[in-house]
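Down below is the structure, laid out as C-alpha cells.
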There are 2 protein chains.
Amino acid sequence: MAGDPSDTPREAPSALLTDLYQLTMLQAYWREGMTEEAVFSLHFRELPPRRNYMLACGLSDALAFLEALRFRDEELRFLATLGLFRDDFLEWLGDFRFTGSVRALPEGTPVFPLEPILEVEGPLPEAQLAETVVMNQVHLQTVLASKAARVVAAARGRAVVDFGLRRMHGTDAGLKAARAFHVAGVAATSNVLAGRVYGVPVTGTMAHSYIQAHDDEMEAFRAFAALYPGTVLLVDTYDTLEGVRKVVRLARELGGDLRVRGVRLDSGDLAALAVETRRILDEAGLGEVQILASGGLDEDRVDRLLAAGAPLDGFGVGTSMGVSSDAPSLDIAYKLTAYAGAGRLKLSPGKELLPGRKQVFRVEEDGRAVRDVIGMAGEEAGGRPLLVSVMERGRRLDAAREPLADARERAREETLRLPERLRALDPADPPYPVEVSRALRRHQEDVRGRVTEGPGADRGPRPSGS
Amino acid sequence: MAGDPSDTPREAPSALLTDLYQLTMLQAYWREGMTEEAVFSLHFRELPPRRNYMLACGLSDALAFLEALRFRDEELRFLATLGLFRDDFLEWLGDFRFTGSVRALPEGTPVFPLEPILEVEGPLPEAQLAETVVMNQVHLQTVLASKAARVVAAARGRAVVDFGLRRMHGTDAGLKAARAFHVAGVAATSNVLAGRVYGVPVTGTMAHSYIQAHDDEMEAFRAFAALYPGTVLLVDTYDTLEGVRKVVRLARELGGDLRVRGVRLDSGDLAALAVETRRILDEAGLGEVQILASGGLDEDRVDRLLAAGAPLDGFGVGTSMGVSSDAPSLDIAYKLTAYAGAGRLKLSPGKELLPGRKQVFRVEEDGRAVRDVIGMAGEEAGGRPLLVSVMERGRRLDAAREPLADARERAREETLRLPERLRALDPADPPYPVEVSRALRRHQEDVRGRVTEGPGADRGPRPSGS
C-alpha cells in the first residue's frame with residue numbers, strides 16, 4: 001500500500017534523546033582512552049507473570065536510529081551549557097558515528113529469559129551510547145507484540161484490528177505499536193501513518209460523534225453507507241438492537257445495493273447483544289453482514305466471548321493492547337558482557353549476567369521446539385542458532401531490512417513450533433526450558449573468579465575465549 | 001537552561017497520525033455540508049483504582065500540534081492510494097487548518113471524573129479531527145504526571161529523579177514523560193533532550209558498565225570523581241558495602257578534595273544497606289555524602305523505605321513511574337456534546353455524558369477544596385471556575401504558553417489545597433465529591449428526551465442554551 005515501506009524515511013530522534021550518564025561516561029572513556037572493543041547484551045531476566053514467551057520486535061527501528069545517530073551543532077551547543085563537557089570532547093562528539101556491529105534475533109522470534117535479543121559490539125563509547133535508544137525501541141515493540149500475540153491467539157482466527165492510538169503513550173508508541181501488532185498477527189490498524197510508514201493495512205468504521213451530529217441515526221447510517229459501501233456501521237449510540245434494526249431497514253431501502261460489511265457493537269453485554277444482532281440480521285436475510293465487537297476488550301474478554309459462543313466475526317482492540325495493560329514493561333537490560341577481550345560480569349544480587357559473546361540454540365524434535373540452550377558464540381551447542389548478523393561497521397545488512405510481512409510470517413511459524421501450552425493465555429506449566437551450555441557456565445565461573453579475587457585486586461583481566 | 005524552552009520548536013507529528021475514521025467522517029461531513037459549530041469534551045469517566053485525583057497535563061503540546069496541523073502533498077498522495085477519498089476532498093484537505101477554540105484546565109490542575117480537561121469548539125470537521133492527537137497527548141502526560149505525583153508524595157520532600165527513558169513507550173513518551181514528571185514535582189531527569197526542549201533539569205550518575213569496563217572498581221571511582229567532582233558513585237556492582245568502603249578510601253586519598261555528592265544503591269535490601277552505608281560514611285567523617293536509591297522503585301517501595309527509617313536522601317525512579325505501571329491508561333474520551341447549537345448525548349450503557357459547553361467550579365472553604373460542581377458554561381454555580389480560554393481561532397493564547405515552572409507551581413499549590421486524604425497513597429474514603437449543577441442536569445434531561453423521542457424521529461434538534 002505504501003510502495004516499499006522499509007525505505008520510507010523515518011526521522012531519527014535527536015541524539016540528545018539519551019540518558020545524561022551515557023554522555024558523561026563517554027567523555028570519561030574518551031579521556032581515559034578506553035576505546036577497545038566492548039560487547040553489550042540486551043536481554044530480560046524474567047517473563048512478566050502472564051507471558052509464556054516474548055516476541056522479539058523493534059530491531060529494524062533501533063538499527064535505523066543507530067545508523068543515523070549524529071550530534072548536530074545546536075545539540076552540542078546545548079551540551080556546552082551544562083558545564084560538564086570540555087570543548088575538545090564536544091568537537092569529538094560532533095564527529096561521532098556508530099561503527100559497530102550487531103547480532104540479533106530476527107524480529108518475530110519467540111524469546112525467553114536471559115537470551116540475548118541482540119548483542120552490540122564496537123568501541124566501548126559507541127556500544128555504550130547505543131544503550132538508551134536501542135532499549136527504548138526494542139522494549140516498546142517487544143512488549144506490545146507480545147501482548148498482541150495473546151489477543152490474536154484468543155481471537156481464534158478472527159480478525160483483530162488495532163484501535164489504540166488515542167490512548168497509547170505518545171506519537172512514537174502509536175506508530176510503532178501498529179507495526180509490532182502486525183508482526184504479532186493483528187490484521188490492520190486505524191493508524192493512517194502506520195499505513196504510510198510501514199505498509200500496515202489501515203481500516204476504520206465510524207465514531208459515535210458522527211451519529212450524534214446527525215439529527216437521526218438512520219439518516220447517519222444512510223449517508224455513510226452511500227459514501228462507503230463496504231463500511232461497518234456503529235449501532236450502539238442510543239439503543240444497540242434498535243440500531244441493528246435500522247441497518248435492516250436500510251437494507252430494505254437499498255435492495256440489492258446494500259453492501260455494508262458489518263455492524264460494530266461497542267458497549268453493553270456484548271455476548272448477549274451479538275446473539276440478538278445475529279438473529280435480527282439473519283432473519284432479514286443479511287447473513288453476510290458481519291458483527292464486530294469493541295469497547296474495553298483484551299485477550300481475556302475476547303476469549304470469554306468466543307468461549308460463550310458469541311457470534312462475533314472480528315474485534316477492535318484498543319487501550320489494553322495499546323499499553324499492554326497487564327504488563328506495560330519488561331525488565332529488559334543492556335549489560336556489558338566483554339571488554340578488551342575479557343568477559344565481564346556484575347554480581348548485584350538477583351541480576352544474573354552471562355559473560356561474553358553468545359548464541360541462542362533452539363532445539364527441536366519432530367518440528368517442535370523442546371528447549372533452548374544459551375551458549376558461547378562459536379560453540380556448537382546443538383539446535384538451530386538464532387542470532388544472526390544484522391549490522392556491520394554501522395550499516396544495516398539485508399537481514400535488518402526485510403519486509404514486515406517476513407517478520408509477521410516468522411512470528412506465525414515460530415510461535416506454532418512452540419509447545420502448545422505456551423500459546424495458552426494461562427501460565428505454562430512447566431515453563432519453556434532454557435539451559436546454559438557447559439562451556440558458557442565455565443566461562444561465567446572464570447569471570448566471576450576474576451572479579452571477586454578480593455578488594456583492591458588491581459591486576460588486569462585474564463584473556464578469555466569471549 | 002535552554003533559553004526559553006516554551007519557544008523551542010517541537011516538530012508536529014504527521015497529520016496522518018490519526019485514526020482512519022476521522023478522515024472518512026471528515027469527508028462525509030464535508031460532502032453533507034455538516035460544518036456547523038461543534039463542541040467536544042475531553043474527560044474521563046472513572047479514576048483508576050489507586051488514584052484519588054489526576055493531574056491535568058499535556059495541554060501545551062496538544063495545542064502546539066493542533067496549531068501546526070497540515071496535510072503535506074506526499075501525505076495526500078498516500079491517502080489517494082487508499083481508494084476512499086475523492087480528489088476534490090483531498091484538495092480541500094490540503095488547505096485544512098484548525099481554526100477552532102479551546103477552553104481547558106491549566107496544566108497541573110487536579111481533575112476528577114466527568115470534568116472536562118478541555119473543550120474544543122469549532123466547525124465539526126475540525127473539532128472532530130482534533131480528537132486522536134489531542135487525546136494521545138493529554139492522556140500520556142496526564143497519566144504520567146498523576147503517577148509521578150504519588151512518587152513525589154511518598155518521597156516526603158526528598159528529591160525524585162526520572163531514570164525511565166529506556167523502558168518508556170517510545171521516543172515521544174520518553175520526552176513528554178520528563179515534562180509531565182517535572183510538573184508533578186519530580187526534581188530532574190536523566191533525559192538530555194527534555195533539558196533542551198522543556199528546560200527540565202538534567203542529571204545522572206554512572207552505569208554498572210563503567211565500573212565493569214575498568215579492571216578495578218576503585219580505579220573507576222577515582223577516574224570518574226576526578227572528572228566530575230560533584231558526582232554520585234554507583235557502589236553495588238560487585239559488593240555494595242565494599243563499594244562504599246572504597247568511596248571512603250578515595251576520600252582519604254583526596255583529603256579535602258573529595259567532593260563526591262553521593263553514592264547510589266541499585267540492588268539488594270536497600271533499607272538495610274542504606275543504614276550500613278550511612279554508618280560507614282558517618283564513621284569516616286563523610287556525613288555530607290548523600291545516599292541515593294534506585295532499582296525497581298515505585299511509590300510503595302519509596303514509602304516503605306522511608307517508613308522503615310532508611311537514611312535515604314533521594315530516589316532514582318525508572319520504569320514503574322515511566323509507564324505508570326499500575327495504571328498505564330485512563331478511560332479518557334473525547335465526546336461530542338453539542339452541534340449546531342443543540343446539546344448532544346449518547347446513551348451507551350455505562351458511559352454517561354454531560355451535554356453542551358460546561359464549566360468546572362471548585363468550591364473552597366478556609367482555603368481547602370471541599371467539592372467540585374460541573375455546571376453549564378456561563379452559569380454561576382458557586383466556587384472558582386477552572387476552565388480558561390487557551391486557544392482562539394486556531395492560535396494558542398498566552399495561557400497555553402506559560403513557563404513549565406508555572407504549571408509545576410500550580411500542581412504543588414492546587415494539590416496542597418485538596419483534602420489531605422486525597423494525597424495519601426491509599427484510596428480516599430470518601431472520594432472527592434463532584435456534583436452536577438441543577439441547570440446542567442436539566443439540560444441533560446432535555447437532550448435525553450429529544451434523542452429518545454423514538455425510532456425514526458426525523459425532526460431536528462430543539463435549540464438549547466448550550
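In the C-alpha cells, the first chain shown is A, the next is B, and so on; residue numbers restart at 1 for each chain, and ligands run from 1 in the order shown.
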
Problem set entry | Exercise answer, chain A residues close to chain B, 6 Å and only C-alpha atoms, as number ranges by chain | A: 16-21, 132, 135-137, 140, 166-167, 169-173, 190-193, 204-206, 209, 215-216, 237-238, 268, 336, 346-349, 458, 460

Exercise. Running DSSP on the backbone, which parts of region 177-332 of chain B land in alpha helix (DSSP H), as a ChimeraX atom specification?
Worked result: /B:177-183,192-198,208-213,217-227,240-254,270-283,299-307,319-322

Using backbone DSSP assignments, extract all strand (DSSP E) residues from region 305-381 of chain B; output them as a JSON list (two decimals) with N, CA and C atoms, in the first residue's frame.
[["chain", "number", "residue", "atom", "x", "y", "z"],
["B", 314, "GLY", "N", 17.53, 10.61, 48.41],
["B", 314, "GLY", "CA", 16.89, 10.83, 47.12],
["B", 314, "GLY", "C", 16.64, 9.51, 46.42],
["B", 315, "PHE", "N", 15.84, 9.56, 45.36],
["B", 315, "PHE", "CA", 15.41, 8.35, 44.68],
["B", 315, "PHE", "C", 15.51, 8.52, 43.17],
["B", 316, "GLY", "N", 16.13, 7.55, 42.52],
["B", 316, "GLY", "CA", 16.07, 7.48, 41.07],
["B", 316, "GLY", "C", 14.97, 6.49, 40.71],
["B", 317, "VAL", "N", 13.93, 6.97, 40.04],
["B", 317, "VAL", "CA", 12.79, 6.12, 39.76],
["B", 317, "VAL", "C", 12.65, 5.96, 38.25],
["B", 332, "ILE", "N", -10.05, 7.88, 29.19],
["B", 332, "ILE", "CA", -10.33, 9.22, 28.71],
["B", 332, "ILE", "C", -11.12, 9.12, 27.40],
["B", 333, "ALA", "N", -12.04, 10.06, 27.20],
["B", 333, "ALA", "CA", -12.88, 10.03, 26.00],
["B", 333, "ALA", "C", -13.06, 11.45, 25.49],
["B", 334, "TYR", "N", -13.28, 11.57, 24.20],
["B", 334, "TYR", "CA", -13.45, 12.86, 23.53],
["B", 334, "TYR", "C", -14.81, 12.77, 22.86],
["B", 335, "LYS", "N", -15.79, 13.46, 23.44],
["B", 335, "LYS", "CA", -17.16, 13.20, 23.03],
["B", 335, "LYS", "C", -17.87, 14.46, 22.55],
["B", 336, "LEU", "N", -18.67, 14.31, 21.52],
["B", 336, "LEU", "CA", -19.48, 15.41, 21.01],
["B", 336, "LEU", "C", -20.56, 15.75, 22.03],
["B", 337, "THR", "N", -20.59, 17.00, 22.47],
["B", 337, "THR", "CA", -21.61, 17.39, 23.46],
["B", 337, "THR", "C", -22.57, 18.45, 22.93],
["B", 338, "ALA", "N", -22.24, 19.04, 21.78],
["B", 338, "ALA", "CA", -23.18, 19.97, 21.15],
["B", 338, "ALA", "C", -22.85, 20.07, 19.67],
["B", 339, "TYR", "N", -23.87, 20.27, 18.85],
["B", 339, "TYR", "CA", -23.66, 20.53, 17.43],
["B", 339, "TYR", "C", -24.77, 21.44, 16.95],
["B", 342, "ALA", "N", -27.23, 22.77, 19.51],
["B", 342, "ALA", "CA", -28.04, 21.88, 20.35],
["B", 342, "ALA", "C", -27.15, 20.90, 21.09],
["B", 343, "GLY", "N", -27.49, 20.64, 22.34],
["B", 343, "GLY", "CA", -26.75, 19.67, 23.14],
["B", 343, "GLY", "C", -26.88, 18.28, 22.52],
["B", 358, "LYS", "N", -19.43, 23.45, 29.06],
["B", 358, "LYS", "CA", -19.50, 23.35, 30.52],
["B", 358, "LYS", "C", -18.40, 24.15, 31.21],
["B", 359, "GLN", "N", -18.54, 24.23, 32.51],
["B", 359, "GLN", "CA", -17.53, 24.86, 33.35],
["B", 359, "GLN", "C", -17.36, 24.00, 34.60],
["B", 360, "VAL", "N", -16.17, 23.98, 35.15],
["B", 360, "VAL", "CA", -15.93, 23.26, 36.40],
["B", 360, "VAL", "C", -15.68, 24.28, 37.50],
["B", 361, "PHE", "N", -16.43, 24.16, 38.58],
["B", 361, "PHE", "CA", -16.28, 25.09, 39.71],
["B", 361, "PHE", "C", -15.69, 24.33, 40.90],
["B", 362, "ARG", "N", -14.62, 24.88, 41.46],
["B", 362, "ARG", "CA", -14.03, 24.26, 42.65],
["B", 362, "ARG", "C", -14.45, 25.08, 43.87],
["B", 363, "VAL", "N", -15.19, 24.46, 44.74],
["B", 363, "VAL", "CA", -15.71, 25.15, 45.92],
["B", 363, "VAL", "C", -14.74, 24.96, 47.08],
["B", 364, "GLU", "N", -14.28, 26.08, 47.65],
["B", 364, "GLU", "CA", -13.28, 26.02, 48.72],
["B", 364, "GLU", "C", -13.83, 26.61, 50.01],
["B", 365, "GLU", "N", -13.42, 26.03, 51.12],
["B", 365, "GLU", "CA", -13.75, 26.58, 52.44],
["B", 365, "GLU", "C", -12.46, 26.65, 53.23],
["B", 368, "ARG", "N", -9.39, 25.34, 51.54],
["B", 368, "ARG", "CA", -9.32, 23.91, 51.26],
["B", 368, "ARG", "C", -10.48, 23.51, 50.34],
["B", 369, "ALA", "N", -10.18, 22.83, 49.23],
["B", 369, "ALA", "CA", -11.23, 22.42, 48.30],
["B", 369, "ALA", "C", -12.15, 21.41, 48.99],
["B", 370, "VAL", "N", -13.45, 21.62, 48.87],
["B", 370, "VAL", "CA", -14.39, 20.68, 49.52],
["B", 370, "VAL", "C", -15.23, 19.92, 48.51],
["B", 371, "ARG", "N", -15.47, 20.49, 47.36],
["B", 371, "ARG", "CA", -16.18, 19.75, 46.31],
["B", 371, "ARG", "C", -16.07, 20.51, 45.00],
["B", 372, "ASP", "N", -16.30, 19.79, 43.90],
["B", 372, "ASP", "CA", -16.39, 20.43, 42.59],
["B", 372, "ASP", "C", -17.83, 20.36, 42.11],
["B", 373, "VAL", "N", -18.20, 21.33, 41.31],
["B", 373, "VAL", "CA", -19.51, 21.32, 40.67],
["B", 373, "VAL", "C", -19.29, 21.49, 39.17],
["B", 374, "ILE", "N", -19.80, 20.55, 38.39],
["B", 374, "ILE", "CA", -19.76, 20.70, 36.93],
["B", 374, "ILE", "C", -21.05, 21.39, 36.52],
["B", 375, "GLY", "N", -20.92, 22.55, 35.91],
["B", 375, "GLY", "CA", -22.11, 23.30, 35.50],
["B", 375, "GLY", "C", -22.08, 23.64, 34.03],
["B", 376, "MET", "N", -23.08, 24.38, 33.59],
["B", 376, "MET", "CA", -23.08, 24.85, 32.21],
["B", 376, "MET", "C", -22.16, 26.06, 32.11]]

Problem set entry | Residues within 6 Å of region 388-390 of chain A, only C-alpha atoms, excluding chain neighbours under 2 positions, as number ranges by chain | A: 102-104, 396-397, 399-400

Residue subset to file, keeping C-alpha atoms, as a PDB file, in the first residue's frame:
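That gives us result20.pdb:
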ATOM      1  CA  VAL A 102      25.021  -6.115  15.853  1.00  0.00           C
ATOM      2  CA  ARG A 103      23.885  -9.730  16.015  1.00  0.00           C
ATOM      3  CA  ALA A 104      20.218 -10.218  16.818  1.00  0.00           C
ATOM      4  CA  ARG A 396      22.337  -2.349   8.385  1.00  0.00           C
ATOM      5  CA  LEU A 397      22.612  -5.609   6.490  1.00  0.00           C
ATOM      6  CA  ALA A 399      18.680  -9.137   7.319  1.00  0.00           C
ATOM      7  CA  ALA A 400      17.704  -5.865   9.048  1.00  0.00           C
TER       8      ALA A 400
END

For this session: Compile the contact shell of Gly100 (chain A) as a VMD selection string: residues with an atom at most 6 Å away, counting only C-alpha atoms, same-chain residues fewer than 4 positions apart removed.
Result: chain A and resid 121 to 122 393 to 394

Atoms to include: C-alpha atoms. Write the selected residues as an mmCIF file, in the first residue's frame.
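Final file, selection_24.cif:
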data_model
loop_
_atom_site.group_PDB
_atom_site.id
_atom_site.type_symbol
_atom_site.label_atom_id
_atom_site.label_comp_id
_atom_site.auth_asym_id
_atom_site.auth_seq_id
_atom_site.Cartn_x
_atom_site.Cartn_y
_atom_site.Cartn_z
ATOM 1 C CA GLU A 121 29.881 -4.989 19.563
ATOM 2 C CA GLY A 122 32.040 -1.967 18.951
ATOM 3 C CA ARG A 393 30.536 -1.351 10.558
ATOM 4 C CA GLY A 394 27.499 0.716 11.451
#
